[in-house]
Structures are given as structure tokens and as C-alpha cells.
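Structure below is work.pdb: PDB, C-alpha atoms, pLDDT in the B column.
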```
MODEL        1
ATOM      1  CA  MET S   1      14.607  -4.844  -4.936  1.00 46.00           C
ATOM      2  CA  GLU S   2      15.725  -6.600  -8.042  1.00 50.00           C
ATOM      3  CA  ALA S   3      13.261  -7.761 -10.653  1.00 49.00           C
ATOM      4  CA  THR S   4      13.114 -11.541 -10.922  1.00 54.00           C
ATOM      5  CA  GLY S   5      12.570 -11.567 -14.657  1.00 57.00           C
ATOM      6  CA  PRO S   6      12.181  -9.387 -17.709  1.00 57.00           C
ATOM      7  CA  GLY S   7       9.208  -7.082 -17.644  1.00 61.00           C
ATOM      8  CA  ARG S   8       8.609  -7.432 -13.890  1.00 72.00           C
ATOM      9  CA  ARG S   9       8.343  -3.724 -13.226  1.00 87.00           C
ATOM     10  CA  LEU S  10       5.620  -1.345 -12.204  1.00 91.00           C
ATOM     11  CA  HIS S  11       5.743   2.413 -12.774  1.00 94.00           C
ATOM     12  CA  LEU S  12       3.248   4.716 -11.081  1.00 96.00           C
ATOM     13  CA  PRO S  13       2.986   8.507 -11.065  1.00 97.00           C
ATOM     14  CA  ARG S  14       2.111   8.523  -7.332  1.00 97.00           C
ATOM     15  CA  ALA S  15       1.409   6.070  -4.545  1.00 97.00           C
ATOM     16  CA  LEU S  16       1.302   5.643  -0.779  1.00 96.00           C
ATOM     17  CA  SER S  17       3.603   2.897   0.463  1.00 94.00           C
ATOM     18  CA  LEU S  18       2.128   0.521   3.026  1.00 92.00           C
ATOM     19  CA  LEU S  19       4.823  -2.048   2.274  1.00 90.00           C
ATOM     20  CA  GLY S  20       6.875  -3.464   5.086  1.00 82.00           C
ATOM     21  CA  ILE S  21       8.496  -6.430   6.686  1.00 81.00           C
ATOM     22  CA  ASN S  22       5.683  -6.782   9.234  1.00 74.00           C
ATOM     23  CA  ALA S  23       2.846  -6.657   6.695  1.00 73.00           C
ATOM     24  CA  ASP S  24       1.575 -10.101   7.661  1.00 72.00           C
ATOM     25  CA  SER S  25       1.576  -9.376  11.409  1.00 76.00           C
ATOM     26  CA  PHE S  26      -1.796  -7.970  12.460  1.00 73.00           C
ATOM     27  CA  GLY S  27      -0.556  -6.078  15.530  1.00 74.00           C
ATOM     28  CA  HIS S  28       2.371  -4.435  13.766  1.00 79.00           C
ATOM     29  CA  TRP S  29       0.260  -3.576  10.743  1.00 82.00           C
ATOM     30  CA  MET S  30      -2.454  -1.992  12.911  1.00 83.00           C
ATOM     31  CA  LEU S  31       0.132   0.238  14.623  1.00 86.00           C
ATOM     32  CA  GLU S  32       2.400   1.002  11.667  1.00 86.00           C
ATOM     33  CA  GLN S  33       0.527   0.921   8.361  1.00 89.00           C
ATOM     34  CA  LEU S  34      -3.139   1.599   9.150  1.00 89.00           C
ATOM     35  CA  PRO S  35      -2.463   4.930  10.956  1.00 91.00           C
ATOM     36  CA  ARG S  36      -0.303   6.014   8.002  1.00 91.00           C
ATOM     37  CA  PHE S  37      -3.209   5.346   5.656  1.00 92.00           C
ATOM     38  CA  LEU S  38      -5.758   7.038   7.942  1.00 93.00           C
ATOM     39  CA  ALA S  39      -3.608  10.168   8.313  1.00 94.00           C
ATOM     40  CA  THR S  40      -3.086  10.412   4.556  1.00 94.00           C
ATOM     41  CA  ARG S  41      -6.789   9.839   3.939  1.00 93.00           C
ATOM     42  CA  ALA S  42      -7.688  12.574   6.470  1.00 93.00           C
ATOM     43  CA  LEU S  43      -5.349  15.043   4.752  1.00 93.00           C
ATOM     44  CA  LEU S  44      -6.043  14.210   1.108  1.00 93.00           C
ATOM     45  CA  GLY S  45      -9.548  12.715   1.149  1.00 90.00           C
ATOM     46  CA  ALA S  46     -10.573  11.427  -2.259  1.00 89.00           C
ATOM     47  CA  ALA S  47      -7.184  12.531  -3.646  1.00 92.00           C
ATOM     48  CA  THR S  48      -5.424   9.804  -1.632  1.00 93.00           C
ATOM     49  CA  PRO S  49      -2.982   8.089  -3.997  1.00 96.00           C
ATOM     50  CA  PRO S  50      -3.120   4.377  -4.803  1.00 96.00           C
ATOM     51  CA  LEU S  51      -1.936   2.134  -1.968  1.00 95.00           C
ATOM     52  CA  LEU S  52       1.017  -0.202  -2.369  1.00 95.00           C
ATOM     53  CA  VAL S  53       0.545  -3.274  -0.184  1.00 94.00           C
ATOM     54  CA  ASP S  54       2.363  -6.586   0.031  1.00 91.00           C
ATOM     55  CA  ALA S  55       0.625  -9.207  -2.105  1.00 91.00           C
ATOM     56  CA  ASP S  56       0.533 -11.648   0.797  1.00 87.00           C
ATOM     57  CA  ILE S  57      -1.166  -9.426   3.394  1.00 88.00           C
ATOM     58  CA  PRO S  58      -3.974 -11.116   5.296  1.00 88.00           C
ATOM     59  CA  ALA S  59      -7.472 -10.563   3.936  1.00 89.00           C
ATOM     60  CA  GLN S  60      -8.394  -8.627   7.102  1.00 88.00           C
ATOM     61  CA  HIS S  61      -5.830  -5.942   6.277  1.00 88.00           C
ATOM     62  CA  ALA S  62      -7.221  -5.384   2.780  1.00 89.00           C
ATOM     63  CA  GLU S  63     -10.737  -5.407   4.230  1.00 91.00           C
ATOM     64  CA  ALA S  64      -9.773  -2.694   6.745  1.00 90.00           C
ATOM     65  CA  LEU S  65      -8.322  -0.538   3.955  1.00 91.00           C
ATOM     66  CA  ARG S  66     -11.508  -0.876   1.909  1.00 92.00           C
ATOM     67  CA  PHE S  67     -13.663  -0.150   4.978  1.00 92.00           C
ATOM     68  CA  PHE S  68     -11.764   2.969   6.048  1.00 91.00           C
ATOM     69  CA  GLY S  69     -11.263   4.078   2.444  1.00 91.00           C
ATOM     70  CA  GLY S  70     -14.976   4.249   1.820  1.00 88.00           C
ATOM     71  CA  GLU S  71     -16.763   4.162  -1.515  1.00 87.00           C
ATOM     72  CA  ASP S  72     -14.340   6.634  -3.083  1.00 86.00           C
ATOM     73  CA  GLY S  73     -11.328   4.878  -1.558  1.00 89.00           C
ATOM     74  CA  PRO S  74      -7.988   4.650  -3.264  1.00 94.00           C
ATOM     75  CA  GLU S  75      -6.940   1.801  -5.517  1.00 95.00           C
ATOM     76  CA  ILE S  76      -5.137  -0.999  -3.688  1.00 94.00           C
ATOM     77  CA  ILE S  77      -2.157  -2.357  -5.623  1.00 95.00           C
ATOM     78  CA  GLU S  78      -0.770  -5.678  -4.422  1.00 93.00           C
ATOM     79  CA  VAL S  79       2.984  -5.893  -4.902  1.00 94.00           C
ATOM     80  CA  PRO S  80       4.447  -9.412  -5.092  1.00 91.00           C
ATOM     81  CA  ARG S  81       7.920 -10.065  -3.716  1.00 84.00           C
ATOM     82  CA  GLY S  82      10.643  -9.272  -6.200  1.00 82.00           C
ATOM     83  CA  LEU S  83       8.601  -6.820  -8.258  1.00 89.00           C
ATOM     84  CA  ARG S  84      10.488  -3.613  -8.970  1.00 91.00           C
ATOM     85  CA  VAL S  85       8.287  -0.574  -8.365  1.00 92.00           C
ATOM     86  CA  ARG S  86       9.099   2.945  -9.508  1.00 94.00           C
ATOM     87  CA  VAL S  87       6.964   5.760  -8.125  1.00 96.00           C
ATOM     88  CA  ASP S  88       7.493   9.359  -9.238  1.00 96.00           C
ATOM     89  CA  ARG S  89       5.847  10.827  -6.123  1.00 96.00           C
ATOM     90  CA  LEU S  90       5.935   8.443  -3.172  1.00 94.00           C
ATOM     91  CA  PHE S  91       3.971   9.153   0.000  1.00 90.00           C
ATOM     92  CA  CYS S  92       5.310   7.321   3.027  1.00 79.00           C
TER      93      CYS S  92
ENDMDL
END
```

How would this structure read if it were set down as C-alpha cells?
Amino acid sequence: MEATGPGRRLHLPRALSLLGINADSFGHWMLEQLPRFLATRALLGAATPPLLVDADIPAQHAEALRFFGGEDGPEIIEVPRGLRVRVDRLFC
């Protein structure tokens, strides 16, 4: 993705990508992204990396991530369209 302006970049040492074209579709998200998060959470526990999610996901999706993430859940990073993201270690 190309940055839409100067300084529109994000650099992270590690992250789990839950980005996708169907991020706003509840059914697709429940079958594609949520299981990916749950599997990573089961394997890594509190060491689960920050989550990259589309900035325009429905509130229910973010609520599910917070619910299943628990009190020690990973940081949720909302990525707006057009933002360039560089991740040194990307879980997907």
C-alpha cells in the first residue's frame, strides 16, 4: 500500500495481521480472522503480539477481540486505509 502523505507510516517490531478485504463482513471475519487470533493466543498466551485490524471494523469485532484476549490481551492497532505499515516479524 502506498502512503497517502508524508509521515503516514507505522513501524512495529512484531504484530499479528488481522487485516483483510472482508474485515467489515461479520461472517467472513468470524471464519477467517477470529480463529487466527484464537490460535495465536492459544500458542503464545500473554506473548501474543499486537493486533493489526482495519480501522473501519465493526465495533462487535473489536469487542470480540477484547473479550477473547482477556485482561492481559494484546494491543489492538487500528490501521486506516492507505497507511503504510512495516512489521519486522509479522504473524499471519

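Shortest atom-to-atom contact with Pro74 of chain S among S:Arg8, S:Gln33, S:Thr48, S:Leu16: S:Thr48, counting all atoms listed in the file.
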
I'd like the contact shell of His61 of chain S - 12 Å cut-off, only C-alpha atoms, skipping same-chain residues fewer than 2 positions apart - returned as a PDB file with C-alpha atoms, keeping the file's coordinate frame.
```pdb
ATOM      1  CA  LEU S  18       2.128   0.521   3.026  1.00 92.00           C
ATOM      2  CA  ASN S  22       5.683  -6.782   9.234  1.00 74.00           C
ATOM      3  CA  ALA S  23       2.846  -6.657   6.695  1.00 73.00           C
ATOM      4  CA  ASP S  24       1.575 -10.101   7.661  1.00 72.00           C
ATOM      5  CA  SER S  25       1.576  -9.376  11.409  1.00 76.00           C
ATOM      6  CA  PHE S  26      -1.796  -7.970  12.460  1.00 73.00           C
ATOM      7  CA  GLY S  27      -0.556  -6.078  15.530  1.00 74.00           C
ATOM      8  CA  HIS S  28       2.371  -4.435  13.766  1.00 79.00           C
ATOM      9  CA  TRP S  29       0.260  -3.576  10.743  1.00 82.00           C
ATOM     10  CA  MET S  30      -2.454  -1.992  12.911  1.00 83.00           C
ATOM     11  CA  LEU S  31       0.132   0.238  14.623  1.00 86.00           C
ATOM     12  CA  GLN S  33       0.527   0.921   8.361  1.00 89.00           C
ATOM     13  CA  LEU S  34      -3.139   1.599   9.150  1.00 89.00           C
ATOM     14  CA  PHE S  37      -3.209   5.346   5.656  1.00 92.00           C
ATOM     15  CA  VAL S  53       0.545  -3.274  -0.184  1.00 94.00           C
ATOM     16  CA  ASP S  54       2.363  -6.586   0.031  1.00 91.00           C
ATOM     17  CA  ALA S  55       0.625  -9.207  -2.105  1.00 91.00           C
ATOM     18  CA  ASP S  56       0.533 -11.648   0.797  1.00 87.00           C
ATOM     19  CA  ILE S  57      -1.166  -9.426   3.394  1.00 88.00           C
ATOM     20  CA  PRO S  58      -3.974 -11.116   5.296  1.00 88.00           C
ATOM     21  CA  ALA S  59      -7.472 -10.563   3.936  1.00 89.00           C
ATOM     22  CA  GLU S  63     -10.737  -5.407   4.230  1.00 91.00           C
ATOM     23  CA  ALA S  64      -9.773  -2.694   6.745  1.00 90.00           C
ATOM     24  CA  LEU S  65      -8.322  -0.538   3.955  1.00 91.00           C
ATOM     25  CA  ARG S  66     -11.508  -0.876   1.909  1.00 92.00           C
ATOM     26  CA  PHE S  67     -13.663  -0.150   4.978  1.00 92.00           C
ATOM     27  CA  PHE S  68     -11.764   2.969   6.048  1.00 91.00           C
ATOM     28  CA  ILE S  76      -5.137  -0.999  -3.688  1.00 94.00           C
ATOM     29  CA  GLU S  78      -0.770  -5.678  -4.422  1.00 93.00           C
TER      30      GLU S  78
END
```

Which distance in Å separates atom CA of Leu90 of chain S and atom CA of Ile77 of chain S, to one decimal?
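Computed distance, atom CA of Leu90 of chain S to atom CA of Ile77 of chain S, equals 13.7 Å.
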
Tell me, in Å to one decimal, how far atom CA of Leu19 of chain S is from atom CA of Leu52 of chain S.
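Interatomic distance, atom CA of Leu19 of chain S to atom CA of Leu52 of chain S: 6.3 Å.
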
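In this comparison, which uses all atoms listed in the file, the residue of S:Pro49, S:Pro35, S:Gly20, S:Arg41 approaching Phe91 of chain S most closely is S:Pro49.
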
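Among S:Ala15, S:Val87, S:Asp72, S:Leu10, the residue with the shortest atom-to-atom distance to Thr40 of chain S, counting only C-alpha atoms, is S:Ala15.
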
Between atom CA of Ala47 of chain S and atom CA of Leu83 of chain S - distance in Å to one decimal
25.4 Å

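Shortest atom-to-atom contact with Leu12 of chain S among S:Arg81, S:Arg89, S:Gly70, S:Gly45: S:Arg89, counting all atoms listed in the file.
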
What are the centre and the three edge lengths of an axis-aligned box that wraps all atoms of segment 19-34 of chain S in the file, given that 8 Å is added to every side, written as JSON and rounded to one decimal in Å?
```
{"center_x": 2.7, "center_y": -4.3, "center_z": 8.9, "size_x": 27.6, "size_y": 27.7, "size_z": 29.3}
```

Check what the PyMOL selection byres ((chain S and resi 85) around 6) selects in the file above and give those residues as a PyMOL selection string.
chain S and resi 9-11+84+86
